[in-house]
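File shown here: data07.txt, holding compact mmCIF, C-alpha atoms.
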# COMPACT_ATOMS: atom_id res chain seq x y z
CA MET A 27 -20.17 -22.18 1.43
CA SER A 28 -17.13 -24.15 2.59
CA ILE A 29 -13.74 -22.62 3.36
CA LEU A 30 -12.35 -24.13 0.14
CA VAL A 31 -15.00 -22.48 -2.07
CA PHE A 32 -14.68 -19.19 -0.14
CA THR A 33 -10.90 -19.23 -0.65
CA LEU A 34 -11.13 -20.01 -4.38
CA ILE A 35 -13.75 -17.35 -5.17
CA LEU A 36 -11.84 -14.79 -3.15
CA LEU A 37 -8.65 -15.73 -4.99
CA VAL A 38 -10.29 -15.04 -8.35
CA GLY A 39 -11.86 -11.80 -7.08
CA ALA A 40 -8.55 -10.61 -5.64
CA PHE A 41 -6.77 -11.44 -8.91
CA ALA A 42 -9.24 -9.23 -10.78
CA ALA A 43 -8.81 -6.49 -8.16
CA GLY A 44 -5.03 -6.59 -8.51
CA LEU A 45 -5.20 -6.62 -12.30
CA LEU A 46 -7.61 -3.66 -12.53
CA GLY A 47 -5.86 -1.85 -9.71
CA SER A 48 -2.51 -1.94 -11.47
CA LEU A 49 -3.92 -1.19 -14.95
CA THR A 50 -5.80 1.87 -13.72
CA GLY A 51 -3.24 2.93 -11.12
CA LEU A 52 -5.81 2.90 -8.33
CA GLY A 53 -4.27 0.05 -6.36
CA GLY A 54 -5.81 -3.21 -5.20
CA GLY A 55 -7.37 -1.97 -1.97
CA VAL A 56 -10.24 0.02 -3.44
CA VAL A 57 -11.94 -3.12 -4.79
CA VAL A 58 -10.96 -5.54 -2.04
CA ILE A 59 -13.03 -3.82 0.68
CA PRO A 60 -16.33 -3.69 -1.30
CA LEU A 61 -15.69 -7.22 -2.59
CA LEU A 62 -15.36 -8.57 0.96
CA THR A 63 -18.04 -6.51 2.70
CA LEU A 64 -20.71 -6.36 -0.03
CA GLY A 65 -19.91 -9.64 -1.78
CA PHE A 66 -19.08 -11.91 1.16
CA HIS A 67 -20.62 -10.01 4.10
CA VAL A 68 -17.26 -10.05 5.82
CA ASP A 69 -16.96 -7.63 8.76
CA ILE A 70 -15.37 -4.38 7.55
CA ARG A 71 -12.53 -4.71 10.08
CA TYR A 72 -11.31 -7.94 8.47
CA ALA A 73 -11.72 -6.25 5.09
CA ILE A 74 -9.53 -3.32 6.19
CA GLY A 75 -6.80 -5.73 7.33
CA ALA A 76 -6.91 -7.64 4.04
CA SER A 77 -6.93 -4.43 2.02
CA LEU A 78 -3.78 -3.17 3.74
CA VAL A 79 -2.06 -6.42 2.77
CA ALA A 80 -3.35 -5.89 -0.79
CA SER A 81 -1.96 -2.33 -0.88
CA ILE A 82 1.49 -3.51 0.17
CA ALA A 83 1.31 -6.35 -2.35
CA THR A 84 0.48 -3.98 -5.23
CA SER A 85 3.14 -1.49 -4.17
CA SER A 86 6.00 -3.95 -3.69
CA GLY A 87 4.93 -6.01 -6.71
CA ALA A 88 4.90 -2.98 -9.01
CA ALA A 89 7.99 -1.37 -7.48
CA SER A 90 10.22 -4.24 -8.49
CA ALA A 91 9.20 -3.51 -12.08
CA TYR A 92 9.31 0.30 -12.00
CA VAL A 93 12.58 0.72 -10.17
CA LYS A 94 14.62 -0.17 -13.26
CA GLU A 95 13.71 3.18 -14.80
CA GLY A 96 15.31 4.92 -11.83
CA ILE A 97 12.99 7.92 -11.67
CA THR A 98 11.67 7.54 -8.14
CA ASN A 99 12.66 10.68 -6.23
CA ILE A 100 13.63 8.94 -3.03
CA ARG A 101 14.09 12.25 -1.16
CA ILE A 102 10.58 13.50 -1.94
CA GLY A 103 9.22 10.08 -1.01
CA MET A 104 11.11 9.87 2.26
CA PHE A 105 10.40 13.45 3.34
CA LEU A 106 6.65 13.05 2.69
CA GLU A 107 6.74 9.65 4.41
CA ILE A 108 7.16 11.52 7.70
CA ALA A 109 3.73 13.02 7.02
CA THR A 110 2.01 9.82 5.86
CA THR A 111 3.37 7.58 8.64
CA THR A 112 2.43 10.12 11.35
CA GLY A 113 -0.98 10.32 9.67
CA ALA A 114 -1.21 6.52 9.73
CA VAL A 115 -0.59 6.53 13.51
CA ILE A 116 -3.40 9.07 13.98
CA GLY A 117 -5.70 7.10 11.66
CA ALA A 118 -5.07 3.82 13.45
CA LEU A 119 -5.75 5.56 16.80
CA LEU A 120 -9.00 7.06 15.50
CA ALA A 121 -10.14 3.74 14.04
CA ALA A 122 -10.67 2.32 17.53
CA TYR A 123 -13.30 5.01 18.27
CA ILE A 124 -15.22 5.17 15.00
CA ALA A 125 -18.23 2.90 14.36
CA PRO A 126 -17.95 0.48 11.39
CA GLY A 127 -20.96 2.12 9.67
CA ILE A 128 -19.23 5.50 9.63
CA VAL A 129 -16.03 3.90 8.34
CA ALA A 130 -18.08 2.45 5.47
CA VAL A 131 -19.61 5.86 4.62
CA LEU A 132 -16.19 7.51 4.75
CA PHE A 133 -14.80 4.78 2.53
CA GLY A 134 -17.58 5.38 0.01
CA CYS A 135 -16.70 9.08 -0.15
CA VAL A 136 -13.00 8.31 -0.71
CA LEU A 137 -13.99 5.87 -3.49
CA ILE A 138 -15.99 8.56 -5.31
CA PHE A 139 -13.07 10.96 -4.97
CA SER A 140 -10.67 8.31 -6.34
CA ALA A 141 -12.97 7.64 -9.30
CA ILE A 142 -13.10 11.34 -10.18
CA MET A 143 -9.34 11.64 -9.87
CA SER A 144 -8.76 8.66 -12.16
CA VAL A 145 -10.80 10.05 -15.09
CA ARG A 146 -10.00 13.73 -14.79
CA LYS A 147 -7.95 15.31 -17.53
CA LYS A 148 -4.41 15.32 -16.34
CA THR A 149 -2.33 18.34 -17.11
CA GLU A 150 1.30 18.34 -16.32
CA HIS A 151 2.78 21.38 -14.62
CA LEU A 152 6.49 21.52 -14.99
CA GLU A 153 8.15 24.13 -12.84
CA LEU A 154 11.21 25.33 -14.67
CA SER A 155 12.45 27.73 -12.06
CA ASP A 156 13.26 27.52 -8.42
CA THR A 157 10.54 29.25 -6.37
CA SER A 158 10.59 27.37 -3.09
CA PRO A 159 13.51 27.89 -0.71
CA LEU A 160 12.19 24.99 1.39
CA ALA A 161 12.32 22.59 -1.56
CA GLN A 162 15.90 23.66 -2.17
CA LYS A 163 16.83 23.28 1.47
CA LEU A 164 15.34 19.77 1.54
CA LYS A 165 16.98 18.92 -1.81
CA LEU A 166 13.64 17.90 -3.33
CA ASN A 167 14.31 19.27 -6.81
CA GLY A 168 15.63 16.79 -9.31
CA SER A 169 15.84 15.72 -12.91
CA TYR A 170 14.84 12.78 -15.03
CA PRO A 171 16.22 11.43 -18.29
CA THR A 172 14.32 11.74 -21.59
CA PRO A 173 15.38 10.88 -25.16
CA GLU A 174 16.10 14.62 -25.62
CA GLY A 175 18.33 14.77 -22.57
CA LYS A 176 17.89 15.51 -18.90
CA VAL A 177 14.85 17.49 -17.75
CA ALA A 178 15.25 19.40 -14.50
CA TYR A 179 12.18 20.00 -12.38
CA TYR A 180 11.46 22.12 -9.33
CA ILE A 181 9.00 21.49 -6.52
CA ARG A 182 6.68 24.11 -5.07
CA LYS A 183 4.29 24.42 -2.11
CA VAL A 184 6.09 21.96 0.16
CA PRO A 185 3.99 22.73 3.31
CA GLY A 186 0.70 22.33 1.40
CA GLY A 187 1.83 18.99 0.01
CA TYR A 188 2.95 17.91 3.46
CA ILE A 189 -0.45 18.68 5.02
CA LEU A 190 -2.31 16.80 2.25
CA MET A 191 0.02 13.84 2.73
CA THR A 192 -0.79 13.82 6.45
CA ILE A 193 -4.49 13.60 5.55
CA ALA A 194 -3.70 10.82 3.07
CA GLY A 195 -1.90 8.98 5.89
CA ILE A 196 -4.83 9.38 8.29
CA ILE A 197 -7.24 7.99 5.67
CA SER A 198 -4.86 5.16 4.91
CA GLY A 199 -4.60 4.26 8.60
CA LEU A 200 -8.35 4.55 9.10
CA LEU A 201 -9.60 2.73 6.00
CA GLY A 202 -6.76 0.41 5.14
CA ILE A 203 -6.16 1.72 1.64
CA GLY A 204 -3.11 3.23 0.02
CA SER A 205 -5.03 6.49 -0.69
CA GLY A 206 -3.11 6.81 -3.93
CA ALA A 207 -5.59 9.36 -5.31
CA LEU A 208 -4.87 11.83 -2.50
CA LYS A 209 -1.14 11.28 -2.90
CA VAL A 210 -1.41 12.05 -6.60
CA LEU A 211 -3.39 15.22 -5.79
CA ALA A 212 -0.68 16.36 -3.38
CA MET A 213 2.16 15.54 -5.75
CA ASP A 214 0.80 16.51 -9.19
CA VAL A 215 -1.61 19.33 -8.45
CA VAL A 216 -0.11 20.99 -5.38
CA MET A 217 3.62 20.33 -5.56
CA HIS A 218 3.89 20.11 -9.37
CA ILE A 219 5.97 16.97 -9.39
CA PRO A 220 6.14 15.61 -12.98
CA PHE A 221 4.08 12.44 -13.67
CA LYS A 222 7.11 10.35 -14.50
CA VAL A 223 8.39 10.98 -11.00
CA SER A 224 5.14 11.16 -9.02
CA THR A 225 3.78 7.78 -10.16
CA THR A 226 6.71 5.71 -8.94
CA THR A 227 7.34 7.88 -5.90
CA SER A 228 3.71 7.61 -4.78
CA ASN A 229 3.83 3.85 -5.34
CA PHE A 230 6.87 3.64 -3.06
CA MET A 231 5.06 5.68 -0.42
CA ILE A 232 1.87 3.60 -0.54
CA GLY A 233 3.79 0.51 0.57
CA VAL A 234 5.53 2.27 3.46
CA THR A 235 2.33 3.98 4.69
CA ALA A 236 0.35 0.74 4.50
CA ALA A 237 3.10 -1.11 6.38
CA ALA A 238 2.97 1.52 9.15
CA SER A 239 -0.76 0.87 9.59
CA ALA A 240 -0.51 -2.89 9.08
CA VAL A 241 1.76 -3.40 12.09
CA VAL A 242 -1.02 -1.92 14.27
CA TYR A 243 -3.85 -3.82 12.60
CA MET A 244 -2.08 -7.15 12.86
CA GLN A 245 -1.92 -6.68 16.63
CA ARG A 246 -5.62 -5.83 16.70
CA GLY A 247 -6.47 -9.09 14.94
CA TYR A 248 -7.77 -7.37 11.77
CA ILE A 249 -5.42 -9.44 9.62
CA ASP A 250 -6.88 -12.95 9.54
CA PRO A 251 -4.91 -15.61 7.64
CA GLY A 252 -8.07 -17.13 6.13
CA ILE A 253 -8.83 -13.85 4.32
CA ALA A 254 -5.36 -12.38 3.96
CA MET A 255 -4.04 -15.49 2.16
CA PRO A 256 -6.34 -15.51 -0.90
CA VAL A 257 -6.32 -11.68 -1.05
CA MET A 258 -2.52 -11.44 -0.97
CA LEU A 259 -1.92 -14.24 -3.50
CA GLY A 260 -4.68 -13.02 -5.83
CA VAL A 261 -3.72 -9.34 -5.74
CA LEU A 262 0.00 -10.06 -6.18
CA THR A 263 -0.46 -12.28 -9.24
CA GLY A 264 -3.05 -9.82 -10.60
CA ALA A 265 -0.77 -6.82 -10.11
CA ILE A 266 2.20 -8.56 -11.72
CA SER A 267 0.07 -9.61 -14.73
CA GLY A 268 -1.28 -6.06 -14.90
CA SER A 269 2.15 -4.48 -15.09
CA LYS A 270 3.01 -6.82 -17.97
CA LEU A 271 -0.21 -5.96 -19.82
CA LEU A 272 0.17 -2.23 -19.18
CA VAL A 273 2.23 -1.70 -22.30
CA ARG A 274 -0.52 -2.88 -24.62
CA ALA A 275 -3.81 -2.03 -22.93
CA ASN A 276 -5.94 1.01 -23.74
CA THR A 277 -6.05 2.28 -20.18
CA HIS A 278 -8.15 5.37 -20.82
CA LYS A 279 -11.30 3.43 -21.73
CA LEU A 280 -10.62 0.96 -18.93
CA ARG A 281 -10.25 3.79 -16.44
CA GLN A 282 -13.66 5.17 -17.39
CA ILE A 283 -15.41 1.81 -17.02
CA PHE A 284 -13.61 1.17 -13.75
CA ALA A 285 -14.58 4.61 -12.43
CA VAL A 286 -18.27 3.86 -13.05
CA VAL A 287 -17.97 0.53 -11.23
CA ILE A 288 -16.24 2.22 -8.33
CA VAL A 289 -18.89 4.94 -8.01
CA PHE A 290 -21.55 2.23 -7.96
CA LEU A 291 -19.67 0.36 -5.23
CA ALA A 292 -19.22 3.63 -3.34
CA PHE A 293 -22.98 4.25 -3.18
CA GLU A 294 -23.52 0.65 -2.05
CA MET A 295 -20.99 1.15 0.75
CA ILE A 296 -22.54 4.47 1.82
CA TYR A 297 -26.07 3.04 1.74
CA ASN A 298 -25.08 -0.04 3.73
CA GLY A 299 -23.11 2.07 6.18
CA LEU A 300 -26.06 4.39 6.79
CA THR A 301 -28.59 1.57 7.19
CA GLY A 302 -26.30 -0.23 9.61
CA ASN A 303 -25.73 -3.27 7.41
CA ILE A 304 -21.96 -2.97 7.65
CA MET Y 6 29.02 1.26 -4.91
CA LEU Y 7 30.76 3.99 -2.95
CA THR Y 8 29.82 6.73 -5.35
CA LYS Y 9 28.59 10.15 -4.36
CA LYS Y 10 25.50 10.01 -6.54
CA TYR Y 11 24.22 6.87 -4.86
CA TRP Y 12 20.61 7.07 -6.03
CA GLN Y 13 21.57 7.59 -9.65
CA ASP Y 14 23.64 4.46 -9.55
CA LYS Y 15 22.01 1.81 -11.71
CA ASP Y 16 23.45 -1.03 -9.60
CA VAL Y 17 21.78 0.31 -6.48
CA ALA Y 18 18.43 0.67 -8.22
CA LEU Y 19 18.76 -2.90 -9.39
CA LEU Y 20 19.75 -4.06 -5.91
CA VAL Y 21 16.64 -2.42 -4.43
CA GLY Y 22 14.48 -4.01 -7.13
CA LYS Y 23 16.04 -7.39 -6.50
CA THR Y 24 15.51 -7.10 -2.74
CA LEU Y 25 11.85 -6.24 -3.26
CA ARG Y 26 11.35 -9.09 -5.69
CA THR Y 27 13.03 -11.56 -3.36
CA GLY Y 28 10.87 -10.35 -0.45
CA VAL Y 29 7.67 -10.60 -2.47
CA LEU Y 30 8.51 -14.07 -3.84
CA CYS Y 31 9.52 -15.29 -0.36
CA ALA Y 32 6.25 -14.00 1.11
CA MET Y 33 4.25 -15.65 -1.68
CA GLY Y 34 6.05 -19.00 -1.40
CA ILE Y 35 5.62 -19.22 2.37
CA THR Y 36 1.96 -18.18 2.12
CA ILE Y 37 1.29 -20.88 -0.49
CA VAL Y 38 2.85 -23.56 1.77
CA GLY Y 39 0.73 -22.32 4.68
CA ALA Y 40 -2.36 -22.20 2.47
CA LEU Y 41 -1.95 -25.85 1.44
CA ILE Y 42 -1.61 -27.01 5.06
CA TYR Y 43 -4.51 -24.77 6.16
CA LEU Y 44 -6.81 -25.97 3.37
CA PHE Y 45 -5.82 -29.60 3.93
CA HIS Y 46 -7.15 -29.36 7.50
CA ASN Y 47 -9.97 -26.85 7.09
CA ALA Y 48 -11.26 -27.07 3.51
CA GLY Y 49 -14.68 -28.38 4.60
CA GLY Y 50 -15.15 -25.88 7.44
CA LYS Y 51 -17.41 -22.85 7.39
CA PRO Y 52 -15.91 -19.37 7.00
CA GLU Y 53 -17.21 -17.18 9.82
CA TYR Y 54 -16.16 -13.65 9.10
CA HIS Y 55 -19.49 -11.80 9.22
CA VAL Y 56 -18.99 -11.20 12.95
CA PHE Y 57 -15.70 -9.69 14.04
CA LYS Y 58 -13.84 -11.81 16.55
CA GLY Y 59 -10.33 -10.98 15.41
CA ALA Y 60 -7.55 -13.36 14.45
CA GLU Y 61 -6.35 -15.84 17.09
CA PRO Y 62 -4.34 -13.95 19.75
CA SER Y 63 -1.31 -16.15 18.99
CA LEU Y 64 -1.40 -14.97 15.36
CA ARG Y 65 -1.18 -11.27 16.25
CA HIS Y 66 2.46 -11.11 17.32
CA LEU Y 67 5.64 -12.36 15.70
CA PRO Y 68 6.69 -14.61 18.65
CA GLY Y 69 3.29 -16.35 18.59
CA ILE Y 70 3.43 -16.72 14.81
CA LEU Y 71 6.95 -18.23 14.92
CA GLU Y 72 5.85 -20.59 17.72
CA GLY Y 73 2.98 -21.79 15.50
CA VAL Y 74 5.30 -22.22 12.51
CA THR Y 75 7.41 -24.72 14.49
CA HIS Y 76 4.24 -26.84 14.85
CA PHE Y 77 3.53 -26.60 11.10
CA ASP Y 78 0.32 -24.70 11.83
CA GLY Y 79 -1.02 -23.59 8.41
CA MET Y 80 -2.52 -20.34 9.72
CA ALA Y 81 0.73 -19.37 11.45
CA ILE Y 82 2.74 -20.07 8.27
CA ILE Y 83 0.34 -17.89 6.23
CA GLN Y 84 0.68 -15.15 8.82
CA LEU Y 85 4.49 -15.40 8.56
CA GLY Y 86 4.20 -14.87 4.79
CA VAL Y 87 1.99 -11.83 5.40
CA ALA Y 88 4.49 -10.49 7.96
CA ILE Y 89 7.32 -10.82 5.42
CA LEU Y 90 5.24 -8.94 2.84
CA ILE Y 91 4.61 -6.15 5.38
CA ALA Y 92 8.36 -6.04 6.03
CA THR Y 93 9.35 -5.47 2.36
CA PRO Y 94 8.62 -1.71 2.27
CA VAL Y 95 10.28 -1.34 5.67
CA VAL Y 96 13.42 -3.04 4.38
CA ARG Y 97 13.35 -0.64 1.44
CA VAL Y 98 13.36 2.28 3.88
CA LEU Y 99 16.27 0.69 5.74
CA LEU Y 100 18.22 0.32 2.48
CA SER Y 101 17.54 4.00 1.78
CA ALA Y 102 19.07 4.95 5.13
CA ILE Y 103 22.23 3.06 4.18
CA GLY Y 104 22.17 4.73 0.77
CA PHE Y 105 22.00 8.22 2.27
CA LEU Y 106 24.76 7.32 4.71
CA ILE Y 107 27.02 6.32 1.81
CA GLU Y 108 26.11 9.61 0.11
CA LYS Y 109 26.98 11.38 3.38
CA ASP Y 110 23.62 13.11 3.25
CA TYR Y 111 23.10 13.22 7.00
CA MET Y 112 19.89 15.27 6.82
CA TYR Y 113 18.26 12.43 4.91
CA VAL Y 114 19.82 9.76 7.10
CA PHE Y 115 17.96 11.51 9.93
CA ILE Y 116 14.70 11.83 7.96
CA THR Y 117 14.83 8.15 6.97
CA LEU Y 118 15.54 7.03 10.54
CA LEU Y 119 12.64 9.23 11.69
CA VAL Y 120 10.28 7.38 9.33
CA LEU Y 121 11.62 4.03 10.58
CA GLY Y 122 11.19 5.28 14.15
CA ILE Y 123 7.52 6.16 13.54
CA ILE Y 124 6.86 2.67 12.11
CA MET Y 125 8.66 1.08 15.09
CA PHE Y 126 6.67 3.29 17.49
CA ASN Y 127 3.49 2.07 15.80
CA MET Y 128 4.58 -1.52 16.26
CA LEU Y 129 5.83 -1.35 19.84
CA SER Y 130 3.72 1.32 21.50
CA GLY Y 131 0.75 -0.94 22.11
CA LEU Y 132 -1.49 1.22 19.91
CA GLY Y 133 -2.84 -2.06 18.58
CA GLY Y 134 -4.16 -2.83 22.04
Rewrite the structure of this file - the entire thing - as structure tokens.
Amino acid sequence: MSILVFTLILLVGAFAAGLLGSLTGLGGGVVVIPLLTLGFHVDIRYAIGASLVASIATSSGAASAYVKEGITNIRIGMFLEIATTTGAVIGALLAAYIAPGIVAVLFGCVLIFSAIMSVRKKTEHLELSDTSPLAQKLKLNGSYPTPEGKVAYYIRKVPGGYILMTIAGIISGLLGIGSGALKVLAMDVVMHIPFKVSTTTSNFMIGVTAAASAVVYMQRGYIDPGIAMPVMLGVLTGAISGSKLLVRANTHKLRQIFAVVIVFLAFEMIYNGLTGNI
Amino acid sequence: MLTKKYWQDKDVALLVGKTLRTGVLCAMGITIVGALIYLFHNAGGKPEYHVFKGAEPSLRHLPGILEGVTHFDGMAIIQLGVAILIATPVVRVLLSAIGFLIEKDYMYVFITLLVLGIIMFNMLSGLGG
């Protein structure tokens, strides 16, 4: 395979990854790593570097579309960013000591978790009263506009959410993904942030967390232009097309199909990691 | 723009969106230029990524990348595009710091600067080895 063919195939693959990632809300990174390691036998370290670039591309690409609605809670995002960026430092430190095979197994487990999170029945918990003095002190409570008027919401379990976000940051730094699924768990399930707010806020955070890890990985040589270029261009155009399609597509069915594909990829990654093929 | 409720200001939200879009488009444009130069010289070569060697040392730091850009090196130009993409969320954090400052919310000015500080620490501490 010549560099030209490699670049073109990767471009198409990355476009599909960006499209599916934005339609299902899972981000581009989850497909980029299996695509590179299983499909092209690229070393997992290059794949991690490319995936971080893909995560930032999806986040910044989608954010320019979302931000018009003005429902990102910038305070929640920024406060929890302390947790995710510190986690990213720890993850990037750990990455130097963990064998590629173990990284692959760990990645497989995170993929399975993401797949489960994407198909689970989502139930919204809206806290209508103020129960957390910490949330009040940090000014995390807010409101968002609806056709029926403003809805006020209150945040609970701030320390629990903070700890989960630190773990999300560590995983993001270690595996080069946005770990959007863990962020959603922390925001929706633990802190009871309404969906309308958590989706855009978590998207904002994914970009910042990935950037914190990317500055380390670029220095380590994980980000190679020959791979990063097709991945970035493909994922960006895919994510932008995805956000335009989002209005019309039946995402529930798509999510289910995508979840099955991801679980399959996850077992491939775990198997290859255990047998030392990655 | 000097309103108390800075983050509920539509203009500010639009400004942030515009900044992000400009950053993303800039990064894409530069990467495409780099890609064309890179493919023009290397299209027939063999991709060798199954063994990890790491990107060229000159492509791992901004000074080296900028040096390569002055020689129209395709790989360096791609890497510059990637670096700009990495910078877009960081710029968004910086804009937030200014926003909180205008709102006179000093607690969040501090929190935002802390996040920026952690990213800077990551970049400059030599963690990348």
Leaving out stretch 143-148 of chain A and any residue of its chain fewer than 4 positions from it, which residues lie within 9 Å of it when counting only C-alpha atoms, given as a list in words?
-> Thr50, Gly51, Leu52, Ile138, Phe139, Ala207, Leu208, Val210, Leu211, Asp214, His278, Arg281, Gln282 and Ala285 of chain A
Distance-based interface of chain A with chain Y, 8 Å, counting all atoms listed in the file, as a PyMOL selection string = chain A and resi 27-30+32+67-69+71-72+79+82-83+86-87+89-91+93-94+96+100-101+104-105+107-108+111-112+115+118-119+230+233-234+237-252+254-255+258-259
Using atom CA of A:Val129 and atom CA of A:Ile196 as the two end points, give the distance in Å to one decimal.
->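 Separation between atom CA of A:Val129 and atom CA of A:Ile196: 12.5 Å.
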Stretch 31-42 of chain Y: axis-aligned bounding box, 4 Å on each side, centre and edge lengths in Å, one decimal, as JSON:
{"center_x": 3.6, "center_y": -20.5, "center_z": 1.7, "size_x": 19.9, "size_y": 21.0, "size_z": 14.7}
Surrounding residues of A:Gly127 excluding itself and chain neighbours under 4 positions, 12 Å, only C-alpha atoms, as a ChimeraX atom specification | /A:63,69-71,121,123,131-134,201,295-304
Got a sec: who's within 7 Å of stretch 178-188 of chain A, counting all atoms listed in the file, leaving out chain neighbours fewer than 5 positions off, as a count of residues only?
-> 22
Expressed in Å to a single decimal, how great is the separation between atom CA of A:Ser85 and atom CA of A:Leu262?
-> 9.3 Å
Could you please determine the separation between atom CA of A:Ile35 and atom CA of A:Leu62 in Å, to one decimal place?
->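 The value is 10.8 Å.
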Name all residues at most 7 Å from A:Ala194 (count only C-alpha atoms; drop same-chain ones fewer than 4 positions away) and give them as a VMD selection string.
-> chain A and resid 110 190 198 205 208 to 209
Given all atoms listed in the file as the counted atoms, nearest of A:Gly268, A:Leu280, A:Gly199, A:Phe41 to A:Leu120 =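 The answer is A:Gly199, which sits nearest to A:Leu120.
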Selected residue, from A:Ala265, A:Ala236, A:Leu291, A:Ala141, that lies nearest to A:Gly75 when counting only C-alpha atoms |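 Closest to A:Gly75 of all the choices is A:Ala236.
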